[in-house]
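K.L.:
Got coords_12.pdb for you, PDB, C-alpha atoms:
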ATOM      1  CA  MET A 283      27.385 -59.498 -90.935
ATOM      2  CA  ALA A 284      26.176 -61.962 -88.309
ATOM      3  CA  ASP A 285      29.639 -62.054 -86.803
ATOM      4  CA  SER A 286      29.741 -58.264 -86.756
ATOM      5  CA  SER A 287      26.439 -57.973 -84.918
ATOM      6  CA  CYS A 288      27.717 -60.287 -82.174
ATOM      7  CA  SER A 289      31.284 -59.001 -82.034
ATOM      8  CA  HIS A 290      30.815 -57.123 -78.754
ATOM      9  CA  TRP A 291      28.494 -59.530 -76.954
ATOM     10  CA  PHE A 292      31.174 -60.231 -74.327
ATOM     11  CA  HIS A 293      31.068 -56.595 -73.200
ATOM     12  CA  ALA A 294      27.404 -56.790 -72.202
ATOM     13  CA  PRO A 295      28.007 -58.089 -68.643
ATOM     14  CA  PHE A 296      30.598 -55.375 -68.107
ATOM     15  CA  TYR A 297      28.232 -52.633 -69.312
ATOM     16  CA  LEU A 298      25.618 -53.795 -66.829
ATOM     17  CA  ALA A 299      28.125 -54.338 -64.029
ATOM     18  CA  ALA A 300      29.710 -50.945 -64.597
ATOM     19  CA  ALA A 301      26.345 -49.205 -64.598
ATOM     20  CA  LEU A 302      25.154 -50.968 -61.458
ATOM     21  CA  ALA A 303      28.449 -50.479 -59.644
ATOM     22  CA  PHE A 304      28.564 -46.815 -60.469
ATOM     23  CA  ALA A 305      24.927 -46.364 -59.491
ATOM     24  CA  LEU A 306      25.803 -47.829 -56.106
ATOM     25  CA  ILE A 307      28.758 -45.467 -55.795
ATOM     26  CA  SER A 308      26.500 -42.562 -56.750
ATOM     27  CA  LEU A 309      23.986 -43.414 -54.058
ATOM     28  CA  THR A 310      26.533 -43.993 -51.328
ATOM     29  CA  THR A 311      28.911 -41.085 -51.928
ATOM     30  CA  VAL A 312      28.599 -38.231 -49.471
ATOM     31  CA  ASN A 313      27.230 -34.980 -50.894
ATOM     32  CA  HIS A 314      26.476 -36.589 -54.242
ATOM     33  CA  THR A 315      23.380 -35.422 -56.066
ATOM     34  CA  SER A 316      21.338 -38.296 -57.455
ATOM     35  CA  PRO A 317      20.004 -38.062 -61.003
ATOM     36  CA  GLU A 318      16.466 -37.585 -59.698
ATOM     37  CA  ASN A 319      17.542 -34.524 -57.743
ATOM     38  CA  SER A 320      19.769 -33.025 -60.435
ATOM     39  CA  THR A 321      18.522 -29.900 -62.122
ATOM     40  CA  PRO A 322      16.574 -30.454 -65.373
ATOM     41  CA  PRO A 323      19.088 -28.464 -67.496
ATOM     42  CA  LEU A 324      21.904 -30.691 -66.236
ATOM     43  CA  GLN A 325      19.917 -33.857 -66.974
ATOM     44  CA  SER A 326      19.043 -32.563 -70.436
ATOM     45  CA  LEU A 327      22.675 -31.753 -71.163
ATOM     46  CA  ALA A 328      23.782 -35.158 -69.874
ATOM     47  CA  LEU A 329      21.237 -36.832 -72.154
ATOM     48  CA  ASN A 330      22.503 -34.869 -75.169
ATOM     49  CA  VAL A 331      26.118 -35.806 -74.406
ATOM     50  CA  SER A 332      25.175 -39.452 -73.877
ATOM     51  CA  GLN A 333      23.275 -39.636 -77.161
ATOM     52  CA  ALA A 334      26.148 -38.018 -79.048
ATOM     53  CA  LEU A 335      28.626 -40.560 -77.675
ATOM     54  CA  ARG A 336      26.355 -43.464 -78.583
ATOM     55  CA  ARG A 337      25.866 -42.138 -82.105
ATOM     56  CA  HIS A 338      29.608 -41.918 -82.522
ATOM     57  CA  GLY A 339      30.099 -45.508 -81.378
ATOM     58  CA  GLY A 340      32.675 -47.080 -79.094
ATOM     59  CA  PHE A 341      31.953 -44.897 -76.041
ATOM     60  CA  GLY A 342      28.803 -46.534 -74.659
ATOM     61  CA  ILE A 343      30.151 -47.066 -71.150
ATOM     62  CA  THR A 344      31.006 -43.395 -70.661
ATOM     63  CA  ALA A 345      27.644 -42.485 -72.215
ATOM     64  CA  SER A 346      25.844 -44.626 -69.619
ATOM     65  CA  LEU A 347      27.848 -43.259 -66.720
ATOM     66  CA  ILE A 348      27.184 -39.662 -67.760
ATOM     67  CA  GLN A 349      23.466 -40.359 -67.582
ATOM     68  CA  ILE A 350      23.775 -42.124 -64.222
ATOM     69  CA  SER A 351      25.910 -39.452 -62.560
ATOM     70  CA  PRO A 352      26.058 -36.196 -64.552
ATOM     71  CA  ASP A 353      27.324 -34.214 -61.556
ATOM     72  CA  LEU A 354      30.553 -36.187 -61.695
ATOM     73  CA  PHE A 355      31.318 -35.024 -65.239
ATOM     74  CA  PHE A 356      30.060 -31.459 -64.867
ATOM     75  CA  PRO A 357      31.820 -30.211 -61.703
ATOM     76  CA  GLY A 358      31.303 -26.512 -62.479
ATOM     77  CA  HIS A 359      29.774 -24.137 -64.978
ATOM     78  CA  GLU A 360      32.022 -25.491 -67.740
ATOM     79  CA  SER A 361      33.606 -28.847 -68.414
ATOM     80  CA  THR A 362      35.826 -30.692 -70.870
ATOM     81  CA  ILE A 363      35.323 -34.453 -70.778
ATOM     82  CA  PHE A 364      37.841 -36.915 -72.158
ATOM     83  CA  ALA A 365      35.769 -40.023 -72.849
ATOM     84  CA  ILE A 366      37.657 -43.330 -72.675
ATOM     85  CA  GLN A 367      36.899 -45.856 -75.389
ATOM     86  CA  ASP A 368      34.872 -48.887 -74.272
ATOM     87  CA  THR A 369      37.557 -51.461 -75.053
ATOM     88  CA  ALA A 370      40.028 -49.664 -72.789
ATOM     89  CA  ILE A 371      37.550 -49.365 -69.904
ATOM     90  CA  SER A 372      36.534 -53.029 -70.188
ATOM     91  CA  ASN A 373      40.189 -54.036 -69.862
ATOM     92  CA  LEU A 374      40.701 -52.100 -66.631
ATOM     93  CA  SER A 375      41.253 -54.018 -63.432
ATOM     94  CA  ILE A 376      40.220 -51.528 -60.781
ATOM     95  CA  PRO A 377      37.661 -51.749 -57.968
ATOM     96  CA  ALA A 378      34.332 -49.997 -58.477
ATOM     97  CA  SER A 379      35.278 -47.511 -55.772
ATOM     98  CA  GLU A 380      38.118 -46.268 -57.973
ATOM     99  CA  MET A 381      35.888 -45.612 -60.987
ATOM    100  CA  ARG A 382      34.747 -42.244 -59.640
ATOM    101  CA  ARG A 383      38.307 -41.050 -59.161
ATOM    102  CA  LEU A 384      39.312 -42.307 -62.603
ATOM    103  CA  LEU A 385      36.494 -40.454 -64.361
ATOM    104  CA  ARG A 386      37.074 -37.226 -62.440
ATOM    105  CA  TYR A 387      40.700 -37.471 -63.534
ATOM    106  CA  HIS A 388      39.442 -37.252 -67.130
ATOM    107  CA  THR A 389      37.547 -33.981 -66.740
ATOM    108  CA  ALA A 390      38.755 -30.380 -66.729
ATOM    109  CA  SER A 391      36.682 -27.537 -65.299
ATOM    110  CA  SER A 392      36.731 -25.367 -68.432
ATOM    111  CA  SER A 393      35.273 -25.954 -71.888
ATOM    112  CA  LEU A 394      38.024 -26.383 -74.482
ATOM    113  CA  THR A 395      37.407 -27.284 -78.098
ATOM    114  CA  MET A 396      40.107 -28.979 -80.138
ATOM    115  CA  ALA A 397      40.938 -25.591 -81.673
ATOM    116  CA  ASP A 398      41.365 -24.181 -78.164
ATOM    117  CA  LEU A 399      43.662 -27.040 -77.183
ATOM    118  CA  VAL A 400      45.793 -26.737 -80.317
ATOM    119  CA  SER A 401      46.280 -23.043 -79.535
ATOM    120  CA  LYS A 402      47.914 -23.911 -76.181
ATOM    121  CA  PRO A 403      51.640 -24.579 -75.849
ATOM    122  CA  PRO A 404      53.082 -27.899 -74.665
ATOM    123  CA  GLY A 405      53.162 -27.827 -70.876
ATOM    124  CA  PHE A 406      49.837 -26.006 -70.535
ATOM    125  CA  CYS A 407      47.976 -27.387 -67.518
ATOM    126  CA  LEU A 408      44.298 -28.214 -68.004
ATOM    127  CA  SER A 409      44.000 -29.185 -64.334
ATOM    128  CA  GLU A 410      46.213 -30.193 -61.434
ATOM    129  CA  ASN A 411      46.830 -33.555 -63.144
ATOM    130  CA  LEU A 412      46.324 -33.014 -66.868
ATOM    131  CA  VAL A 413      48.923 -31.341 -69.054
ATOM    132  CA  ILE A 414      49.418 -30.949 -72.791
ATOM    133  CA  THR A 415      52.527 -33.028 -73.390
ATOM    134  CA  LYS A 416      52.792 -32.675 -77.162
ATOM    135  CA  LYS A 417      51.077 -30.957 -80.055
ATOM    136  CA  ASN A 418      51.424 -30.743 -83.806
ATOM    137  CA  SER A 419      49.816 -27.570 -85.081
ATOM    138  CA  LYS A 420      50.236 -28.593 -88.715
ATOM    139  CA  ILE A 421      47.976 -31.639 -88.441
ATOM    140  CA  GLY A 422      46.037 -30.404 -85.410
ATOM    141  CA  SER A 423      46.964 -33.244 -83.033
ATOM    142  CA  ILE A 424      47.271 -33.042 -79.248
ATOM    143  CA  THR A 425      48.455 -35.465 -76.562
ATOM    144  CA  ILE A 426      47.336 -35.132 -72.946
ATOM    145  CA  ASN A 427      49.546 -36.910 -70.406
ATOM    146  CA  HIS A 428      51.182 -38.629 -73.415
ATOM    147  CA  VAL A 429      47.835 -39.977 -74.723
ATOM    148  CA  LEU A 430      46.607 -38.835 -78.151
ATOM    149  CA  ILE A 431      43.153 -37.273 -78.470
ATOM    150  CA  SER A 432      41.818 -39.732 -81.043
ATOM    151  CA  HIS A 433      38.252 -38.405 -81.409
ATOM    152  CA  PRO A 434      38.223 -34.594 -81.131
ATOM    153  CA  ASP A 435      35.069 -32.496 -80.756
ATOM    154  CA  MET A 436      32.647 -35.405 -80.380
ATOM    155  CA  PHE A 437      30.292 -33.043 -78.573
ATOM    156  CA  LEU A 438      30.356 -29.248 -78.460
ATOM    157  CA  GLN A 439      27.370 -27.544 -76.896
ATOM    158  CA  GLY A 440      27.219 -24.558 -74.597
ATOM    159  CA  PRO A 441      29.703 -25.001 -71.727
ATOM    160  CA  ILE A 442      30.577 -28.634 -72.535
ATOM    161  CA  SER A 443      33.257 -30.088 -74.807
ATOM    162  CA  VAL A 444      33.845 -33.825 -75.194
ATOM    163  CA  HIS A 445      36.831 -35.519 -76.832
ATOM    164  CA  GLY A 446      37.598 -39.224 -77.105
ATOM    165  CA  VAL A 447      40.793 -41.021 -76.100
ATOM    166  CA  LEU A 448      41.796 -44.629 -76.807
ATOM    167  CA  GLN A 449      43.098 -45.286 -73.302
ATOM    168  CA  PRO A 450      43.001 -43.759 -69.816
ATOM    169  CA  PHE A 451      45.423 -40.970 -69.020
ATOM    170  CA  PRO A 452      48.384 -42.212 -66.987
ATOM    171  CA  GLN A 453      49.068 -40.371 -63.785
ATOM    172  CA  ILE A 454      52.120 -38.178 -64.057
ATOM    173  CA  PRO A 455      54.043 -36.648 -61.161
ATOM    174  CA  PRO A 456      52.953 -33.049 -60.441
ATOM    175  CA  PRO A 457      56.424 -31.646 -61.309
ATOM    176  CA  GLN A 458      55.787 -32.622 -64.950
ATOM    177  CA  CYS A 459      52.949 -30.113 -64.967
ATOM    178  CA  LEU A 460      55.505 -27.326 -64.894
ATOM    179  CA  PHE A 461      57.542 -25.455 -67.460
ATOM    180  CA  PRO A 462      59.492 -27.947 -69.617
ATOM    181  CA  ASP A 463      62.787 -26.134 -70.111
ATOM    182  CA  GLN A 464      63.703 -28.076 -73.237
ATOM    183  CA  SER A 465      60.233 -28.665 -74.705
ATOM    184  CA  PRO A 466      60.108 -28.619 -78.505
ATOM    185  CA  SER A 467      58.299 -25.772 -80.215
ATOM    186  CA  ASP A 468      56.198 -25.941 -83.360
ATOM    187  CA  THR A 469      57.318 -22.434 -84.322
ATOM    188  CA  PRO A 470      60.827 -21.079 -84.955
ATOM    189  CA  HIS A 471      62.535 -19.605 -81.918
ATOM    190  CA  ARG A 472      62.015 -15.845 -81.760
ATOM    191  CA  ARG A 473      63.729 -13.607 -79.309
ATOM    192  CA  ILE A 474      61.488 -11.923 -76.752
ATOM    193  CA  GLU A 475      62.193  -8.215 -76.765
ATOM    194  CA  TRP A 476      62.674  -7.793 -73.032
ATOM    195  CA  THR A 477      64.157  -4.314 -73.471
ATOM    196  CA  LYS A 478      60.898  -3.117 -75.002
ATOM    197  CA  ILE A 479      58.909  -4.710 -72.184
ATOM    198  CA  ILE A 480      61.050  -3.097 -69.484
ATOM    199  CA  ARG A 481      60.878   0.285 -71.198
ATOM    200  CA  PHE A 482      57.098   0.004 -71.539
ATOM    201  CA  LEU A 483      56.657  -0.912 -67.855
ATOM    202  CA  SER A 484      58.848   2.003 -66.796
ATOM    203  CA  THR A 485      56.824   4.532 -68.803
ATOM    204  CA  LYS A 486      53.425   3.167 -67.709
ATOM    205  CA  GLY A 487      53.878   3.458 -63.962
ATOM    206  CA  PHE A 488      55.270  -0.013 -63.180
ATOM    207  CA  THR A 489      58.738   1.292 -62.316
ATOM    208  CA  SER A 490      59.462  -1.014 -59.376
ATOM    209  CA  PHE A 491      58.614  -4.147 -61.318
ATOM    210  CA  ALA A 492      60.580  -2.873 -64.321
ATOM    211  CA  ILE A 493      63.643  -2.373 -62.105
ATOM    212  CA  GLY A 494      63.290  -5.879 -60.683
ATOM    213  CA  LEU A 495      62.800  -7.437 -64.119
ATOM    214  CA  ASN A 496      65.809  -5.586 -65.486
ATOM    215  CA  ALA A 497      67.955  -6.937 -62.648
ATOM    216  CA  GLU A 498      66.672 -10.492 -63.086
ATOM    217  CA  ILE A 499      66.462 -10.849 -66.855
ATOM    218  CA  ASP A 500      70.002 -12.182 -67.368
ATOM    219  CA  GLY A 501      69.326 -15.011 -64.924
ATOM    220  CA  ILE A 502      66.017 -15.835 -66.611
ATOM    221  CA  LEU A 503      67.612 -15.964 -70.055
ATOM    222  CA  ASP A 504      70.439 -18.134 -68.755
ATOM    223  CA  GLU A 505      68.087 -20.637 -67.098
ATOM    224  CA  TYR A 506      65.341 -20.674 -69.733
ATOM    225  CA  LYS A 507      67.253 -20.647 -73.001
ATOM    226  CA  ASN A 508      64.245 -21.938 -74.965
ATOM    227  CA  LEU A 509      61.781 -19.399 -73.599
ATOM    228  CA  THR A 510      60.346 -18.087 -76.871
ATOM    229  CA  SER A 511      57.077 -16.581 -75.614
ATOM    230  CA  ALA A 512      55.874 -15.179 -72.309
ATOM    231  CA  THR A 513      53.003 -13.563 -70.427
ATOM    232  CA  ILE A 514      53.865 -10.875 -67.896
ATOM    233  CA  PHE A 515      51.479  -9.904 -65.099
ATOM    234  CA  ALA A 516      52.543  -6.404 -64.065
ATOM    235  CA  PRO A 517      51.718  -5.620 -60.413
ATOM    236  CA  PRO A 518      51.205  -2.105 -59.034
ATOM    237  CA  GLU A 519      54.123  -0.211 -57.543
ATOM    238  CA  SER A 520      55.832  -2.324 -54.913
ATOM    239  CA  HIS A 521      59.280  -1.952 -53.404
ATOM    240  CA  SER A 522      59.510  -5.745 -52.912
ATOM    241  CA  ALA A 523      60.044  -6.400 -56.630
ATOM    242  CA  ALA A 524      62.782  -3.796 -56.907
ATOM    243  CA  ALA A 525      64.551  -4.499 -53.619
ATOM    244  CA  ALA A 526      67.921  -6.198 -53.807
ATOM    245  CA  SER A 527      67.063  -9.237 -51.706
ATOM    246  CA  PRO A 528      67.108 -13.040 -52.080
ATOM    247  CA  MET A 529      63.331 -12.911 -52.565
ATOM    248  CA  MET A 530      63.443 -10.428 -55.434
ATOM    249  CA  SER A 531      64.215 -13.104 -58.025
ATOM    250  CA  LYS A 532      61.205 -15.207 -57.029
ATOM    251  CA  ILE A 533      58.893 -12.202 -56.779
ATOM    252  CA  VAL A 534      59.699 -11.210 -60.358
ATOM    253  CA  ARG A 535      59.530 -14.746 -61.712
ATOM    254  CA  ILE A 536      56.106 -15.649 -60.325
ATOM    255  CA  HIS A 537      54.721 -12.778 -62.409
ATOM    256  CA  ILE A 538      56.045 -14.359 -65.634
ATOM    257  CA  VAL A 539      54.360 -17.311 -67.343
ATOM    258  CA  PRO A 540      55.959 -19.239 -70.231
ATOM    259  CA  GLY A 541      53.698 -18.983 -73.265
ATOM    260  CA  ARG A 542      51.668 -16.105 -74.657
ATOM    261  CA  PHE A 543      48.194 -15.905 -73.060
ATOM    262  CA  SER A 544      45.948 -13.063 -74.154
ATOM    263  CA  GLU A 545      42.814 -12.142 -72.225
ATOM    264  CA  ARG A 546      40.831 -14.400 -74.556
ATOM    265  CA  ASP A 547      43.179 -17.314 -73.843
ATOM    266  CA  LEU A 548      42.879 -16.708 -70.092
ATOM    267  CA  LEU A 549      39.085 -16.684 -70.309
ATOM    268  CA  LYS A 550      39.208 -20.059 -72.059
ATOM    269  CA  ALA A 551      41.578 -21.364 -69.385
ATOM    270  CA  ALA A 552      39.397 -20.241 -66.457
ATOM    271  CA  ASN A 553      39.384 -22.619 -63.479
ATOM    272  CA  SER A 554      42.741 -24.060 -64.452
ATOM    273  CA  SER A 555      46.298 -23.084 -63.621
ATOM    274  CA  LEU A 556      49.374 -21.681 -65.323
ATOM    275  CA  ARG A 557      52.998 -22.517 -64.611
ATOM    276  CA  THR A 558      55.331 -19.690 -63.663
ATOM    277  CA  LEU A 559      59.099 -19.344 -63.806
ATOM    278  CA  VAL A 560      59.249 -20.361 -60.138
ATOM    279  CA  ARG A 561      59.309 -24.138 -60.130
ATOM    280  CA  GLY A 562      56.433 -25.571 -58.144
ATOM    281  CA  TYR A 563      54.428 -22.324 -58.165
ATOM    282  CA  LYS A 564      51.326 -22.071 -60.316
ATOM    283  CA  LEU A 565      48.787 -19.310 -60.812
ATOM    284  CA  LYS A 566      45.104 -20.151 -60.405
ATOM    285  CA  ILE A 567      42.808 -18.628 -63.027
ATOM    286  CA  GLU A 568      39.277 -17.945 -61.809
ATOM    287  CA  ARG A 569      36.388 -16.416 -63.685
ATOM    288  CA  TYR A 570      33.560 -14.480 -62.066
ATOM    289  CA  SER A 571      30.877 -13.473 -64.558
ATOM    290  CA  ARG A 572      33.014 -11.727 -67.203
ATOM    291  CA  THR A 573      35.872 -10.732 -64.901
ATOM    292  CA  LEU A 574      39.066 -12.667 -64.368
ATOM    293  CA  GLU A 575      41.149 -13.122 -61.239
ATOM    294  CA  ILE A 576      44.647 -14.560 -61.217
ATOM    295  CA  ASN A 577      45.583 -15.871 -57.757
ATOM    296  CA  GLY A 578      43.021 -13.464 -56.317
ATOM    297  CA  ALA A 579      44.369 -10.441 -58.174
ATOM    298  CA  GLY A 580      42.060  -8.702 -60.619
ATOM    299  CA  LEU A 581      43.021  -8.350 -64.268
ATOM    300  CA  ILE A 582      42.523  -4.584 -64.401
ATOM    301  CA  SER A 583      44.113  -3.819 -67.771
ATOM    302  CA  PRO A 584      44.342  -6.931 -69.975
ATOM    303  CA  ASP A 585      46.379  -7.025 -73.178
ATOM    304  CA  MET A 586      48.044  -3.779 -72.151
ATOM    305  CA  PHE A 587      51.051  -4.428 -74.403
ATOM    306  CA  CYS A 588      50.793  -7.132 -77.066
ATOM    307  CA  HIS A 589      53.352  -8.594 -79.410
ATOM    308  CA  GLU A 590      53.585 -11.753 -81.504
ATOM    309  CA  ASN A 591      55.349 -13.683 -78.752
ATOM    310  CA  PHE A 592      54.532 -11.822 -75.531
ATOM    311  CA  VAL A 593      51.713  -9.990 -73.797
ATOM    312  CA  VAL A 594      51.612  -7.776 -70.698
ATOM    313  CA  HIS A 595      48.580  -7.569 -68.375
ATOM    314  CA  ALA A 596      48.159  -5.177 -65.450
ATOM    315  CA  ILE A 597      46.922  -6.748 -62.202
ATOM    316  CA  SER A 598      45.459  -5.179 -59.058
ATOM    317  CA  GLU A 599      48.020  -6.634 -56.624
ATOM    318  CA  ASP A 600      51.129  -8.765 -56.669
ATOM    319  CA  PHE A 601      51.315 -12.525 -56.236
ATOM    320  CA  ILE A 602      53.449 -12.555 -53.086
ATOM    321  CA  SER A 603      52.766 -15.715 -51.068
ATOM    322  CA  ASP A 604      54.180 -17.585 -48.085
ATOM    323  CA  SER A 605      54.962 -20.432 -50.465
ATOM    324  CA  LEU A 606      57.722 -18.278 -51.983
ATOM    325  CA  SER A 607      59.863 -19.298 -49.038
ATOM    326  CA  ILE A 608      60.350 -22.703 -50.701
ATOM    327  CA  SER A 609      63.690 -23.245 -52.347
ATOM    328  CA  TYR A 610      64.131 -24.100 -55.995
TER     329      TYR A 610
END
Go ahead and render the structure in this file as structure tokens.

P.N.:
Amino acid sequence: MADSSCSHWFHAPFYLAAALAFALISLTTVNHTSPENSTPPLQSLALNVSQALRRHGGFGITASLIQISPDLFFPGHESTIFAIQDTAISNLSIPASEMRRLLRYHTASSSLTMADLVSKPPGFCLSENLVITKKNSKIGSITINHVLISHPDMFLQGPISVHGVLQPFPQIPPPQCLFPDQSPSDTPHRRIEWTKIIRFLSTKGFTSFAIGLNAEIDGILDEYKNLTSATIFAPPESHSAAAASPMMSKIVRIHIVPGRFSERDLLKAANSSLRTLVRGYKLKIERYSRTLEINGAGLISPDMFCHENFVVHAISEDFISDSLSISY
């Protein structure tokens, strides 16, 4: 037992050095709010998170840093924190100035429990840099940027979720945060009934988009052979989607997201992004009170047409952007 009580004595200097270094960063970073000036609710929440991590054991460094600089871990109204285990942090060889960037890299600006994460498909982007790379629904395991979530749901309170990981997330190139054409699926492949979708759009006043989708569907099926679920954002009547032009394909495809995302799923994914069928083009999900906006377009009729492996939402305007001029 004596050996056990002294087993982590060599980490003590690092704990102190990390805390002091980060405190210095906190005080010298422009526009940073010091702990003394943070709002009491934020300080109280940070204390609760810190205590939970300490009770769990093995995450004392992150617990200390959350107390020193809570604003870093809670960038918005909601946050998911991926706490790095102490042994992994103590083995890092990075300057103190990089610690802030590293920790921000391990936060997402929406609160996602382990159940929420397991419900997402591989390839779902939690942020610009974090993506679900693998999941096993049967055992409830998830990897983010190829790192397993080893300690799920260590803290769940209000708008904050905290999960533990054994090592820092590696940086992955942004293109990997796109639709993986050949990604494995935990469920058997089921054919999306595109004919039903097109017929529904035609009868509900989305004729132009239905015409464009009908013209483009063969190309989509040829390119995305493993597309087994989809979310369609139906824009109001627009001749651009139905016009026979080189842009028509892209206009249709940016309104289709691989994976089935109901309104509830989109609410959980607020302040993150979704990949579209146009490579390099993602849709930003923003939440205002209880309303959702996708790339600035309002979700005016969510879950308009639901099926086991697809869902159709009506939006207030289309997603046409100058960035559609990029080639793919």

K.L.:
For this file, the PyMOL selection byres ((chain A and resi 419-433) around 7) selects which residues, as an MDAnalysis selection string?

P.N.:
chainID A and resid 400 412:418 434:436 445:448 451:452 454 468

K.L.:
List as a list of chain:residue names the residues having at least one atom at most 12 Å from position (64.9, -15.9, -73.0) as given in the file, counting all atoms listed in the file.

P.N.:
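Returned residue set, sorted by chain then number, is A:Asp463, A:His471, A:Arg472, A:Arg473, A:Ile474, A:Glu475, A:Trp476, A:Thr477, A:Glu498, A:Ile499, A:Asp500, A:Gly501, A:Ile502, A:Leu503, A:Asp504, A:Glu505, A:Tyr506, A:Lys507, A:Asn508, A:Leu509, A:Thr510, A:Ser511, A:Ala512, A:Ile538, A:Pro540, A:Gly541, A:Leu559, A:Asn591, A:Phe592.
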
K.L.:
Give me the residues within 12 Å of Pro517 of chain A as an NGL selection string, counting all atoms listed in the file and dropping any in the same chain fewer than 4 places off.

P.N.:
:A and (483 or 486-492 or 494-495 or 521-524 or 533-534 or 536-538 or 576 or 579-583 or 594-602)

K.L.:
Under the rule that only C-alpha atoms are counted, which of A:Ser379, A:Ser554, A:Gln367, A:Ser443 is the nearest residue to Ser393 of chain A?

P.N.:
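Checking each of A:Ser379, A:Ser554, A:Gln367, A:Ser443 against Ser393 of chain A, counting only C-alpha atoms, the winner is A:Ser443.
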
K.L.:
Any idea what's packed within 9 Å of Leu329 of chain A, counting all atoms listed in the file, ignoring anything in its chain fewer than 6 positions away? Could you give it as number ranges by chain?

P.N.:
A: 345, 348-349

K.L.:
Env of Phe356 of chain A: 9 Å cut, atoms = only C-alpha atoms, seq-sep filter 4 positions within chain, self excluded. Answer as a PyMOL selection string.

P.N.:
chain A and resi 324+328+352+360-363+389-391+442

K.L.:
Given the file above and the PyMOL selection byres ((chain A and resi 402) around 10), which residues are selected, and can you give them as an MDAnalysis selection string?

P.N.:
chainID A and resid 397:401 403:408 414 417 419 424 541:543 547 551

K.L.:
Which distance in Å separates atom CA of Ser332 of chain A and atom CA of Pro441 of chain A, to one decimal?

P.N.:
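Between atom CA of Ser332 of chain A and atom CA of Pro441 of chain A the gap works out to 15.3 Å.
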
K.L.:
Pick out the closest residue to Val539 of chain A from this set: A:Leu574, A:Leu556, A:Leu327, A:Ile493. Count all atoms listed in the file.

P.N.:
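Smallest distance to Val539 of chain A is found for A:Leu556.
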
K.L.:
Identify which of the residues A:Ile376, A:Leu438, A:Ala552, A:Met529 lies closest to Ser392 of chain A, counting only C-alpha atoms when measuring atom-to-atom distances.

P.N.:
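For Ser392 of chain A, the nearest of the candidates is A:Ala552.
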